[in-house]
Every structure is written in structure tokens, then in C-alpha cells.
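These notes are about the structure you will find just below.
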Amino acid sequence: MRLKNKSALITGGTSGIGLATAKLFIAEGAKVAVTGRDETAFERVRAELGENALVLKGDVRSLNDMRAIAAQVKEKFGGLDIVFANAGWAFPSAVDDIDEALYAEIMDVNVKGVVLTLQAVLPVLRDGASVILNTSFVDQTGKHGISLTAAAKAAVRSLARSWSYEFLDRKIRFNAIAPGAMETPLIGKWGMADEDVRNLKVELAKGIPVGHMGKADDIAYAALYLASDESSYVVGAELVVDGGASQL
């Protein structure tokens with residue numbers, strides 16, 4: 001029970017990495033609030049997470065939404081010990097295919113959303129808390145067609161360092177997790193046919209040294225480490241969980 005008596009907020013917590021992390025945090029003793037935009041999934045998520053969870057509607061791109069979520073968390077939990085800024089979006093595109101709408105979507109969800117999340121939760125964040133930012137292994141590599149997402153995640157990586165220094169007086173630790181290619185619902189949201197999705201996953205797996213894509217639980221266990229007191233000496237770091245794709 002490494003998170004006993006602790007409370008956590010996970011943005012983008014109704015599917016994929018966020019949901020897997022919420023389940024693990026609850027199993028380790030935490031009370032967890034998860035946010036999402038798709039209300040049709042909320043009843044299922046509440047059933048999966050049980051009585052120690054809050055499922056809240058909100059868009060990380062809206063400061064009003066995030067402040068409302070922070071107020072609800074304050075009312076139910078009293079404060080926060082852990083924040084996992086997990087909500088994000090990736091979409092492959094060559095530079096010539098980047099239009100203003102795609103630029104705004106990638107940057108607003110991945111960067112603005114992280115900034116607004118922190119601004120909203122600061123009043124309810126307890127001293128000594130752990131804040132985890134979701135980046136990506138692509139912030140360390142040069143890959144065709146992913147430059148915009150890589151740039152957004154590199155910005156988030158930088159925020160982990162800057163905020164670590166900024167909040168030393170409150171002993172709030174900021175760290176990042178950089179997932180590699182993951183078996184999550186994300187790729188299925190790119191509008192590709194099922195067969196194309198399967199073929200893409202096969203190709204992605206070929207480029208990973210361990211030979212397969214990661215699972216949401218792989219990131220959840222990394223988040224558990226950074227959320228727990230076991231990582232009390234880890235500050236401003238980025239934990240890469242990518243099967244060696246950016247390291248070997």
C-alpha cells in the first residue's frame with residue numbers, strides 16, 4: 001500500500017494509460033479523481049474504479065474546467081498529494097501537412113493543458129506532493145512525421161525541470177514519464193481502417209529493441225514509482241519507458 005492515505009488527480013484518466021494508472025493507485029491505497037471529456041464512458045469507469053474514485057468531466061484546455069475540478073477534489077479529498085498530468089494528443093503529420101487547427105490542437109492539449117492543470121491545482125496541492133508530467137520518447141528522437149508532437153512533448157519535458165526548481169521551497173517534486181509506442185486506444189483514434197492500424201502496430205514493434213509495443217500498465221508502474229515516497233530523491237527527471245526505442 002505505497003499510496004495509503006494519499007489522494008491523486010489523473011487527467012485523461014478514463015481510458016488507456018490514465019485508467020490503468022488510476023486502478024493501480026487505488027490498489028495501492030490512494031483515493032483518485034480522474035478527468036475525461038467523453039461522458040458516455042463515465043458509468044463504466046466508475047464501475048471499474050469503485051468507491052475510492054471520482055470521475056469528473058473537464059477539458060484540460062479550459063482553466064475554468066480545471067478550477068472546477070480542483071474545487072471538487074478539494075471538497076472530496078481535502079487536498080492533493082499526487083497529480084498525473086496525463087491528458088495528451090498525438091497525430092502524425094509531415095511539416096507540410098501541419099495547418100493552424102492541428103498546431104493548436106497538439107500544442108493546446110499537450111502544453112497549454114499541462115500549464116492550466118498546474119495553475120488550477122496549485123491551491124489544493126499539498127507541500128511535498130509529487131507531480132508527474134506525461135511526455136513521450138519522441139522528445140529525444142528525430143522521426144519523420146512526428147515533429148509537432150515531439151516539439152510539444154519537449155516543451156513539457158522542459159516544464160518538469162523549470163517547475164522542479166520553482167517549487168523547491170514547497171518540496172513539490174516534478175518528474176516526467178516518456179512512454180514509447182503503446183498498445184492504447186490512441187492509434188485507433190487517427191481515423192485509420194482496422195487493418196491499417198494492425199499493420200502500423202506491426203511496423204512499430206519492429207523498431208522497438210524488445211520486439212513489442214508497451215502496455216498501459218508499463219506506464220502505470222512507472223507512475224506509481226514517481227508518485228510514491230520511494231522516489232523522494234528523484235526531482236526534475238524523465239523516466240523513459242519505451243522498450244529501448246530511444247536508448248539503443
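Each chain in the C-alpha cells gets a letter, A, B, ..., in the order shown, and its residues are numbered from 1; ligands are numbered from 1 in order too.
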Give me the residues of region 92-164 of chain A that have any atom at most 10 Å from an atom of region 71-85 of chain A; for each, the nearest atom pair and the distance in Å, rounded to one decimal. Use only C-alpha atoms, sort by chain and number, and format it as a tab-separated table.
```
residue	atom	partner	partner_atom	distance
A:Asn110	CA	A:Ala85	CA	9.3
A:Gly113	CA	A:Ala85	CA	8.4
A:Val114	CA	A:Ala85	CA	6.2
A:Val115	CA	A:Ala85	CA	9.4
A:Thr117	CA	A:Ala85	CA	7.2
A:Leu118	CA	A:Ala85	CA	8.4
A:Ala120	CA	A:Ala71	CA	8.9
A:Val121	CA	A:Leu80	CA	8.0
A:Leu122	CA	A:Leu80	CA	9.2
A:Pro123	CA	A:Gly79	CA	8.6
A:Val124	CA	A:Gly79	CA	4.8
A:Leu125	CA	A:Leu80	CA	4.8
A:Arg126	CA	A:Asp81	CA	5.7
A:Asp127	CA	A:Asp81	CA	8.0
A:Gly128	CA	A:Asp81	CA	7.4
A:Ala129	CA	A:Asp81	CA	4.5
A:Ser130	CA	A:Ile82	CA	4.9
A:Val131	CA	A:Val83	CA	4.7
A:Ile132	CA	A:Phe84	CA	4.7
A:Leu133	CA	A:Ala85	CA	5.0
A:Asn134	CA	A:Ala85	CA	6.1
A:Thr135	CA	A:Ala85	CA	9.5
```
Could you tell me, as a ChimeraX atom specification, which residues of region 135-246 of chain A DSSP assigns to strand (DSSP E or B) when given the backbone? /A:173-179,182,214,238-241
Those residues you just picked out, can you put them in a file as a short mmCIF file (atom, residue, chain, number, x, y, z; two decimals), in the first residue's frame with C-alpha atoms?
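As a result, out11.cif now contains:
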```
data_model
loop_
_atom_site.label_atom_id
_atom_site.label_comp_id
_atom_site.auth_asym_id
_atom_site.auth_seq_id
_atom_site.Cartn_x
_atom_site.Cartn_y
_atom_site.Cartn_z
CA ARG A 173 8.65 17.13 -6.94
CA PHE A 174 8.09 17.36 -10.68
CA ASN A 175 9.11 14.48 -12.91
CA ALA A 176 8.16 13.19 -16.35
CA ILE A 177 7.35 9.81 -17.86
CA ALA A 178 8.19 9.29 -21.53
CA PRO A 179 6.15 6.40 -22.95
CA MET A 182 1.97 1.87 -26.63
CA GLY A 214 4.27 -1.36 -24.46
CA GLU A 238 12.33 11.99 -17.20
CA LEU A 239 11.76 8.25 -16.86
CA VAL A 240 11.78 6.73 -20.34
CA VAL A 241 9.60 3.64 -20.75
#
```
As a compact mmCIF listing (two decimals) with N, CA and C atoms, in the first residue's frame, please: the residues near region 141-150 of chain A (cut-off 8 Å, only C-alpha atoms, same-chain neighbours under 3 positions excluded).
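Dumped to result00.txt:
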```txt
# COMPACT_ATOMS: atom_id res chain seq x y z
N TRP A 89 -2.33 14.39 -26.67
CA TRP A 89 -2.78 14.02 -28.01
C TRP A 89 -1.58 13.99 -28.93
N ALA A 90 -1.56 13.00 -29.79
CA ALA A 90 -0.51 12.89 -30.81
C ALA A 90 -1.16 12.59 -32.14
N PHE A 91 -0.60 13.17 -33.19
CA PHE A 91 -1.11 12.90 -34.53
C PHE A 91 0.04 13.04 -35.51
N PRO A 92 0.30 11.97 -36.30
CA PRO A 92 1.43 12.02 -37.23
C PRO A 92 1.14 12.95 -38.41
N SER A 93 2.12 13.77 -38.74
CA SER A 93 1.93 14.68 -39.87
C SER A 93 3.28 15.23 -40.32
N ALA A 94 3.51 15.20 -41.62
CA ALA A 94 4.69 15.86 -42.17
C ALA A 94 4.53 17.36 -42.01
N VAL A 95 5.63 18.07 -42.02
CA VAL A 95 5.57 19.51 -41.73
C VAL A 95 4.67 20.24 -42.71
N TYR A 103 -1.98 22.44 -35.39
CA TYR A 103 -1.00 23.05 -34.50
C TYR A 103 -1.65 23.41 -33.15
N ILE A 106 -2.59 20.14 -31.06
CA ILE A 106 -1.45 19.45 -30.45
C ILE A 106 -0.85 20.28 -29.32
N MET A 107 -0.60 21.56 -29.58
CA MET A 107 0.03 22.40 -28.58
C MET A 107 -0.90 22.70 -27.40
N SER A 136 6.94 11.93 -23.95
CA SER A 136 7.00 10.86 -24.95
C SER A 136 8.44 10.62 -25.33
N PHE A 137 8.74 9.41 -25.73
CA PHE A 137 10.10 9.11 -26.18
C PHE A 137 10.49 9.91 -27.41
N VAL A 138 9.50 10.43 -28.14
CA VAL A 138 9.82 11.18 -29.36
C VAL A 138 10.45 12.54 -29.04
N LYS A 153 5.96 17.74 -26.68
CA LYS A 153 6.40 16.93 -25.54
C LYS A 153 7.75 17.41 -25.01
N ALA A 154 8.60 17.96 -25.89
CA ALA A 154 9.86 18.54 -25.42
C ALA A 154 9.59 19.75 -24.53
N SER A 246 14.41 4.65 -27.83
CA SER A 246 15.17 5.89 -27.94
C SER A 246 16.54 5.80 -27.30
```
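Interatomic distance, CA of Leu54 (chain A) against CA of Ile69 (chain A): 10.1 Å.
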note - CA of Ala237 (chain A) and CA of Ser158 (chain A) are separated by 10.1 Å
Neighbouring residues of Leu63 (chain A) were defined as those with any atom within 7 Å, considering only C-alpha atoms; residues of the same chain fewer than 2 positions away were excluded. Please report them as a VMD selection string. chain A and resid 61 65 to 67 116 120
Selection above as a file: C-alpha atoms, as a JSON list (two decimals), in the first residue's frame:
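The new file selection13.json reads:
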```
[["chain", "number", "residue", "atom", "x", "y", "z"],
["A", 61, "ARG", "CA", -7.56, 23.34, -22.26],
["A", 65, "ASP", "CA", -12.96, 23.46, -16.18],
["A", 66, "MET", "CA", -9.76, 22.65, -14.33],
["A", 67, "ARG", "CA", -10.54, 25.06, -11.50],
["A", 116, "LEU", "CA", -3.55, 25.14, -16.88],
["A", 120, "ALA", "CA", -5.72, 25.09, -11.20]]
```
Those of region 52-246 of chain A in DSSP alpha helix (DSSP H), formatted as a PDB file with C-alpha atoms, in the first residue's frame:
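Resulting contents of states-v5.pdb:
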```pdb
ATOM      1  CA  LEU A  63      -8.869  26.929 -16.941  1.00  0.00           C
ATOM      2  CA  ASN A  64     -12.473  27.209 -15.744  1.00  0.00           C
ATOM      3  CA  ASP A  65     -12.960  23.457 -16.181  1.00  0.00           C
ATOM      4  CA  MET A  66      -9.756  22.653 -14.331  1.00  0.00           C
ATOM      5  CA  ARG A  67     -10.543  25.062 -11.498  1.00  0.00           C
ATOM      6  CA  ALA A  68     -13.955  23.437 -11.116  1.00  0.00           C
ATOM      7  CA  ILE A  69     -12.283  20.029 -10.974  1.00  0.00           C
ATOM      8  CA  ALA A  70      -9.790  21.266  -8.378  1.00  0.00           C
ATOM      9  CA  ALA A  71     -12.679  22.578  -6.262  1.00  0.00           C
ATOM     10  CA  GLN A  72     -14.460  19.221  -6.405  1.00  0.00           C
ATOM     11  CA  VAL A  73     -11.280  17.400  -5.457  1.00  0.00           C
ATOM     12  CA  LYS A  74     -10.744  19.807  -2.555  1.00  0.00           C
ATOM     13  CA  GLU A  75     -14.288  19.165  -1.321  1.00  0.00           C
ATOM     14  CA  LYS A  76     -13.992  15.367  -1.522  1.00  0.00           C
ATOM     15  CA  PHE A  77     -10.328  14.751  -0.666  1.00  0.00           C
ATOM     16  CA  GLU A 100      -3.287  26.018 -37.864  1.00  0.00           C
ATOM     17  CA  ALA A 101      -6.009  23.775 -36.481  1.00  0.00           C
ATOM     18  CA  LEU A 102      -3.672  20.810 -35.985  1.00  0.00           C
ATOM     19  CA  TYR A 103      -1.000  23.051 -34.495  1.00  0.00           C
ATOM     20  CA  ALA A 104      -3.484  24.475 -31.986  1.00  0.00           C
ATOM     21  CA  GLU A 105      -4.843  21.039 -31.098  1.00  0.00           C
ATOM     22  CA  ILE A 106      -1.445  19.451 -30.448  1.00  0.00           C
ATOM     23  CA  MET A 107       0.026  22.402 -28.581  1.00  0.00           C
ATOM     24  CA  GLY A 113      -3.320  21.721 -20.850  1.00  0.00           C
ATOM     25  CA  VAL A 114      -0.387  20.906 -18.572  1.00  0.00           C
ATOM     26  CA  VAL A 115       0.130  24.560 -17.650  1.00  0.00           C
ATOM     27  CA  LEU A 116      -3.550  25.135 -16.878  1.00  0.00           C
ATOM     28  CA  THR A 117      -3.755  21.907 -14.893  1.00  0.00           C
ATOM     29  CA  LEU A 118      -0.921  23.029 -12.630  1.00  0.00           C
ATOM     30  CA  GLN A 119      -2.352  26.523 -12.228  1.00  0.00           C
ATOM     31  CA  ALA A 120      -5.715  25.086 -11.204  1.00  0.00           C
ATOM     32  CA  VAL A 121      -4.420  22.533  -8.697  1.00  0.00           C
ATOM     33  CA  SER A 147       7.862  16.760 -35.319  1.00  0.00           C
ATOM     34  CA  LEU A 148       4.911  18.716 -33.931  1.00  0.00           C
ATOM     35  CA  THR A 149       4.109  16.185 -31.228  1.00  0.00           C
ATOM     36  CA  ALA A 150       7.815  15.849 -30.410  1.00  0.00           C
ATOM     37  CA  ALA A 151       8.122  19.616 -30.003  1.00  0.00           C
ATOM     38  CA  ALA A 152       5.085  19.756 -27.716  1.00  0.00           C
ATOM     39  CA  LYS A 153       6.398  16.931 -25.544  1.00  0.00           C
ATOM     40  CA  ALA A 154       9.858  18.540 -25.423  1.00  0.00           C
ATOM     41  CA  ALA A 155       8.184  21.647 -24.026  1.00  0.00           C
ATOM     42  CA  VAL A 156       6.520  19.550 -21.330  1.00  0.00           C
ATOM     43  CA  ARG A 157       9.878  17.962 -20.535  1.00  0.00           C
ATOM     44  CA  SER A 158      11.269  21.458 -20.011  1.00  0.00           C
ATOM     45  CA  LEU A 159       8.376  22.360 -17.714  1.00  0.00           C
ATOM     46  CA  ALA A 160       9.271  19.438 -15.440  1.00  0.00           C
ATOM     47  CA  ARG A 161      12.745  20.912 -14.965  1.00  0.00           C
ATOM     48  CA  SER A 162      11.662  24.528 -14.556  1.00  0.00           C
ATOM     49  CA  TRP A 163       8.847  23.802 -12.138  1.00  0.00           C
ATOM     50  CA  SER A 164      11.075  21.497 -10.090  1.00  0.00           C
ATOM     51  CA  TYR A 165      13.291  24.487  -9.370  1.00  0.00           C
ATOM     52  CA  GLU A 166      10.399  26.913  -8.940  1.00  0.00           C
ATOM     53  CA  ASP A 194      -8.682  -1.552 -38.585  1.00  0.00           C
ATOM     54  CA  GLU A 195      -6.334  -3.421 -40.907  1.00  0.00           C
ATOM     55  CA  ASP A 196      -4.135  -0.343 -41.295  1.00  0.00           C
ATOM     56  CA  VAL A 197      -3.988   0.042 -37.520  1.00  0.00           C
ATOM     57  CA  ARG A 198      -2.879  -3.580 -37.161  1.00  0.00           C
ATOM     58  CA  ASN A 199      -0.229  -3.162 -39.853  1.00  0.00           C
ATOM     59  CA  LEU A 200       1.068   0.029 -38.248  1.00  0.00           C
ATOM     60  CA  LYS A 201       1.413  -1.710 -34.901  1.00  0.00           C
ATOM     61  CA  VAL A 202       3.419  -4.486 -36.526  1.00  0.00           C
ATOM     62  CA  GLU A 203       5.752  -1.932 -38.118  1.00  0.00           C
ATOM     63  CA  LEU A 204       6.128  -0.005 -34.869  1.00  0.00           C
ATOM     64  CA  ALA A 205       7.004  -3.190 -32.991  1.00  0.00           C
ATOM     65  CA  LYS A 206       9.803  -3.925 -35.476  1.00  0.00           C
ATOM     66  CA  ALA A 216      -0.671   0.880 -20.314  1.00  0.00           C
ATOM     67  CA  ASP A 217       0.365  -0.983 -17.151  1.00  0.00           C
ATOM     68  CA  ASP A 218       4.035  -0.405 -18.017  1.00  0.00           C
ATOM     69  CA  ILE A 219       3.472   3.332 -17.628  1.00  0.00           C
ATOM     70  CA  ALA A 220       1.217   2.899 -14.607  1.00  0.00           C
ATOM     71  CA  TYR A 221       4.004   1.160 -12.667  1.00  0.00           C
ATOM     72  CA  ALA A 222       6.433   3.925 -13.604  1.00  0.00           C
ATOM     73  CA  ALA A 223       3.902   6.496 -12.395  1.00  0.00           C
ATOM     74  CA  LEU A 224       3.483   4.575  -9.148  1.00  0.00           C
ATOM     75  CA  TYR A 225       7.217   4.793  -8.506  1.00  0.00           C
ATOM     76  CA  LEU A 226       7.296   8.542  -9.145  1.00  0.00           C
ATOM     77  CA  ALA A 227       4.152   9.093  -7.058  1.00  0.00           C
TER      78      ALA A 227
END
```
